[in-house]
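Presented below is the structure to which this report refers.
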Amino acid sequence: MTNQVAEVSAKYLSEVEESAVPAGYKQTEVGVIPKHWNVIQLKELGLDISDGNYSSKYPRTDEFKSLGVPFIRANNIKGLTVVDHDMRYISYKKHSEITKGHLKEGDVLITNRGEIGNIAVVPLRHVGSNINAQIVRINTGKSALLGTYFAFYLQRTETNQRLLDMQTGSALKQLPVNRLLTLPIIIPSNEEQTTIANALSDVDALITELEKLITKKQAIKTATMQQLLTGRTRLPEFSIGDDGSPKGYKQSELGEIPEDWEVVQLSECAETITKGTTPMTIGKSFVGQGITFVKVESINESGQFDFSKFAHIDNETDRLLARSRIKENDLLISIAGALGRSIIVTSEILPANTNQALAIVRLSSRSLLVLGYLYHFTKTIMFHHCIAEIASQGAQPNLSLGDLGAFKITVPGAKEQTAIATILSDMDQEIQALVQRLNKTRQIKQGMMQELLTGKTRLIKPSKEVTHE
């Protein structure tokens, strides 16, 4: 009787599994895929694979050149391509001695040490370059696998996780080539691989254009800040005197400034310049939920709150740390760790508290400084240069409240400050909108990859028997 029950149960489970697979699809080790697609391990495809160079021939530090053959390292592989920032070079003689890493047209690169799983398709300008031991090169050649399709497949979240699962080592993670060769690849027809790769390449092109546009807009904003916040360029409505003649300039302790501007010290304009306290100093700990606790890492480099990086404290801790409470329109400036990050506190994060790595600047009602103007001043190259000079004088890179209060700032009238702040804030909003669009496009690409690389969505009309139910 027991054997009969087992047989019936097995048959039932088998039928349930089959019914869960749409018509025209099949269950495989990597999930449900179209019936006519294949799953093949890399080692079965006969690909041209080699890792980079590590041996007695590996270039010594003194053998790197300012010009020569590019020697690509893991940090040069980003966003499916090779970036030339921080590129090293080797002589042609050394290049001829380490032949394992010579790059060919169509090579796909995978980082296999340190940060594992970053991918690049070798651009034409780097055909003939060399790679180090942190990288594996794979050339699909005339195999059933198309190189560009393969590169996108490696970017897929599930594939990347498989690569991470294959890694070895504790202190230094690495992905041995023999393990990489066991990676299963979903392979559609050559035509469908090409169509999928083209669709994803189009999205990548849009991402690249958005990245370029954001970089351009940021550069324009930086230049605009430099001109407006120093008075080198005046807004038309503030550049003409009462007699109709252009306003001139005068010498100040900060150099030449517009004749109707002043130099003020931050402490003269602030009601309060203080800093927070860590709960541990009073024997308290962070909690899972409660009152928002802002740390330096809660402020990203673009000057936005990262809500995922907030910590939390309970009501009692907040009461005991009353001096550290922050208010709407406080300006927070990081004075330890990542120096110089700044943000204006908004009501959406309140009630909130902060620690000693963030200074709290609260302007007085009689301040000559307009908050928005001061915020943008903290984003200038001049402000950050001053911070770097002060921080370099101590054993630890930090800024004291006294140092911060002593900052001198060139200040126009309130109306001009407001006008300047409005222009720069509008530029910030435009950049932020582009960043949001970029992030959305990246999310769309991830969704497309999940759909297209598994065959859930087909760009080429399948044959009649391969249809969804």
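A note on labels: chains of the structure tokens are A, B, ... as shown, every chain counts residues from 1, and ligands are counted from 1 in their shown order.
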- Task: Give the strand (DSSP E) residues of region 300-353 of chain A, as DSSP finds them on the backbone, and put them as a list in words.
- Result: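 Answer for region 300-353 of chain A restricted to strand (DSSP E) is Ala311, His312, Ile313, Arg325, Ile326, Leu331, Leu332, Ile333, Ser334, Ser342, Ile343, Ile344, Ala352 and Asn353 of chain A.
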Next, write the just-selected residues to a file, as a PDB file, in the first residue's frame, keeping C-alpha atoms as the atom set.
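That gives us out.pdb:
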ATOM      1  CA  ALA A 311      19.832  54.663  11.599  1.00  0.00           C
ATOM      2  CA  HIS A 312      17.186  54.961  14.333  1.00  0.00           C
ATOM      3  CA  ILE A 313      17.041  55.689  18.061  1.00  0.00           C
ATOM      4  CA  ARG A 325      18.343  67.278  17.572  1.00  0.00           C
ATOM      5  CA  ILE A 326      18.118  68.841  14.162  1.00  0.00           C
ATOM      6  CA  LEU A 331      22.434  72.986   7.336  1.00  0.00           C
ATOM      7  CA  LEU A 332      24.362  69.766   8.025  1.00  0.00           C
ATOM      8  CA  ILE A 333      28.056  69.661   7.040  1.00  0.00           C
ATOM      9  CA  SER A 334      30.209  66.566   7.510  1.00  0.00           C
ATOM     10  CA  SER A 342      26.247  69.154   3.072  1.00  0.00           C
ATOM     11  CA  ILE A 343      22.463  69.151   2.985  1.00  0.00           C
ATOM     12  CA  ILE A 344      19.555  71.295   4.159  1.00  0.00           C
ATOM     13  CA  ALA A 352      15.676  63.496  13.702  1.00  0.00           C
ATOM     14  CA  ASN A 353      19.010  63.467  15.477  1.00  0.00           C
TER      15      ASN A 353
END
Need the shell around region 41-54 of chain A: protein/DNA/RNA residues with any atom at most 7 Å away, counting only C-alpha atoms. Skip same-chain ones fewer than 5 positions apart. Format as a compact mmCIF listing (two decimals) with N, CA and C atoms, in the first residue's frame?
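Final output, saved to around24.txt:
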# COMPACT_ATOMS: atom_id res chain seq x y z
N ILE A 98 54.61 38.63 -22.30
CA ILE A 98 53.44 38.10 -21.58
C ILE A 98 52.27 37.99 -22.55
N LYS A 100 49.75 35.66 -22.74
CA LYS A 100 48.45 35.10 -22.35
C LYS A 100 47.33 36.13 -22.41
N GLY A 101 47.69 37.37 -22.10
CA GLY A 101 46.66 38.40 -21.97
C GLY A 101 46.46 39.27 -23.18
N ILE A 131 46.07 42.26 -20.43
CA ILE A 131 45.32 42.24 -19.17
C ILE A 131 46.15 41.61 -18.07
N ASN A 132 45.78 41.93 -16.83
CA ASN A 132 46.51 41.35 -15.71
C ASN A 132 45.80 40.10 -15.18
N ALA A 133 46.27 39.59 -14.06
CA ALA A 133 45.80 38.31 -13.55
C ALA A 133 44.42 38.38 -12.91
N GLN A 134 43.84 39.58 -12.81
CA GLN A 134 42.51 39.72 -12.22
C GLN A 134 41.39 39.54 -13.25
N ILE A 135 41.77 39.23 -14.48
CA ILE A 135 40.80 39.22 -15.57
C ILE A 135 40.92 37.94 -16.39
N VAL A 136 39.77 37.42 -16.82
CA VAL A 136 39.71 36.31 -17.77
C VAL A 136 39.15 36.84 -19.08
N ARG A 137 39.77 36.44 -20.19
CA ARG A 137 39.24 36.83 -21.50
C ARG A 137 38.62 35.60 -22.17
N ILE A 138 37.46 35.82 -22.78
CA ILE A 138 36.75 34.74 -23.48
C ILE A 138 36.36 35.23 -24.86
N ASN A 139 36.75 34.47 -25.87
CA ASN A 139 36.37 34.80 -27.24
C ASN A 139 35.47 33.69 -27.76
N THR A 140 34.24 34.05 -28.12
CA THR A 140 33.27 33.04 -28.54
C THR A 140 33.50 32.57 -29.98
N GLY A 141 34.27 33.35 -30.76
CA GLY A 141 34.63 32.94 -32.12
C GLY A 141 33.43 32.56 -32.97
N SER A 143 31.53 29.92 -32.43
CA SER A 143 30.71 28.97 -31.65
C SER A 143 29.24 29.34 -31.75
N LEU A 181 34.32 27.62 -16.16
CA LEU A 181 33.98 26.79 -17.31
C LEU A 181 32.73 25.94 -17.10
N THR A 182 32.30 25.79 -15.84
CA THR A 182 31.09 24.99 -15.56
C THR A 182 29.83 25.84 -15.60
N LEU A 183 29.97 27.14 -15.89
CA LEU A 183 28.81 28.03 -15.91
C LEU A 183 27.84 27.62 -17.01
N PRO A 184 26.56 27.37 -16.68
CA PRO A 184 25.57 27.04 -17.71
C PRO A 184 25.09 28.31 -18.43
N ILE A 185 24.99 28.24 -19.74
CA ILE A 185 24.57 29.39 -20.55
C ILE A 185 23.29 29.02 -21.30
- Message: Using Å and a single decimal, report how far CA of His376 (chain A) sits from CA of Leu235 (chain A).
- Response: 16.3 Å
Output as a Markdown table one row per residue of region 324-419 of chain A within 7 Å of region 251-261 of chain A: the closest atom pair and its distance in Å to one decimal place, counting only C-alpha atoms, sorted by chain and residue number ascending.
| residue | atom | partner | partner_atom | distance |
| --- | --- | --- | --- | --- |
| A:Thr410 | CA | A:Trp261 | CA | 6.7 |
| A:Val411 | CA | A:Trp261 | CA | 5.4 |
| A:Pro412 | CA | A:Trp261 | CA | 4.4 |
| A:Gly413 | CA | A:Trp261 | CA | 6.9 |
Save out the residues we just selected, N, CA and C atoms, as a compact mmCIF listing (two decimals), in the first residue's frame.
# COMPACT_ATOMS: atom_id res chain seq x y z
N THR A 410 32.18 85.32 0.77
CA THR A 410 31.82 86.54 0.04
C THR A 410 30.31 86.58 -0.13
N VAL A 411 29.70 87.70 0.24
CA VAL A 411 28.24 87.76 0.33
C VAL A 411 27.69 89.00 -0.39
N PRO A 412 26.81 88.79 -1.38
CA PRO A 412 26.07 89.91 -1.98
C PRO A 412 24.84 90.23 -1.12
N GLY A 413 24.01 91.13 -1.60
CA GLY A 413 22.77 91.43 -0.90
C GLY A 413 21.82 90.24 -0.91
- Query: What gap, in Å, lies between CA of Ala419 (chain A) and CA of Val264 (chain A)?
  - Reply: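 CA of Val264 (chain A) lies at a distance of 19.0 Å from CA of Ala419 (chain A).
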- Message: Using only C-alpha atoms, which protein or nucleic acid residues come within 8 Å of Leu67 (chain A)? Drop anything in the same chain fewer than 6 positions from it, and give the result as a ChimeraX atom specification.
- Response: /A:89-91
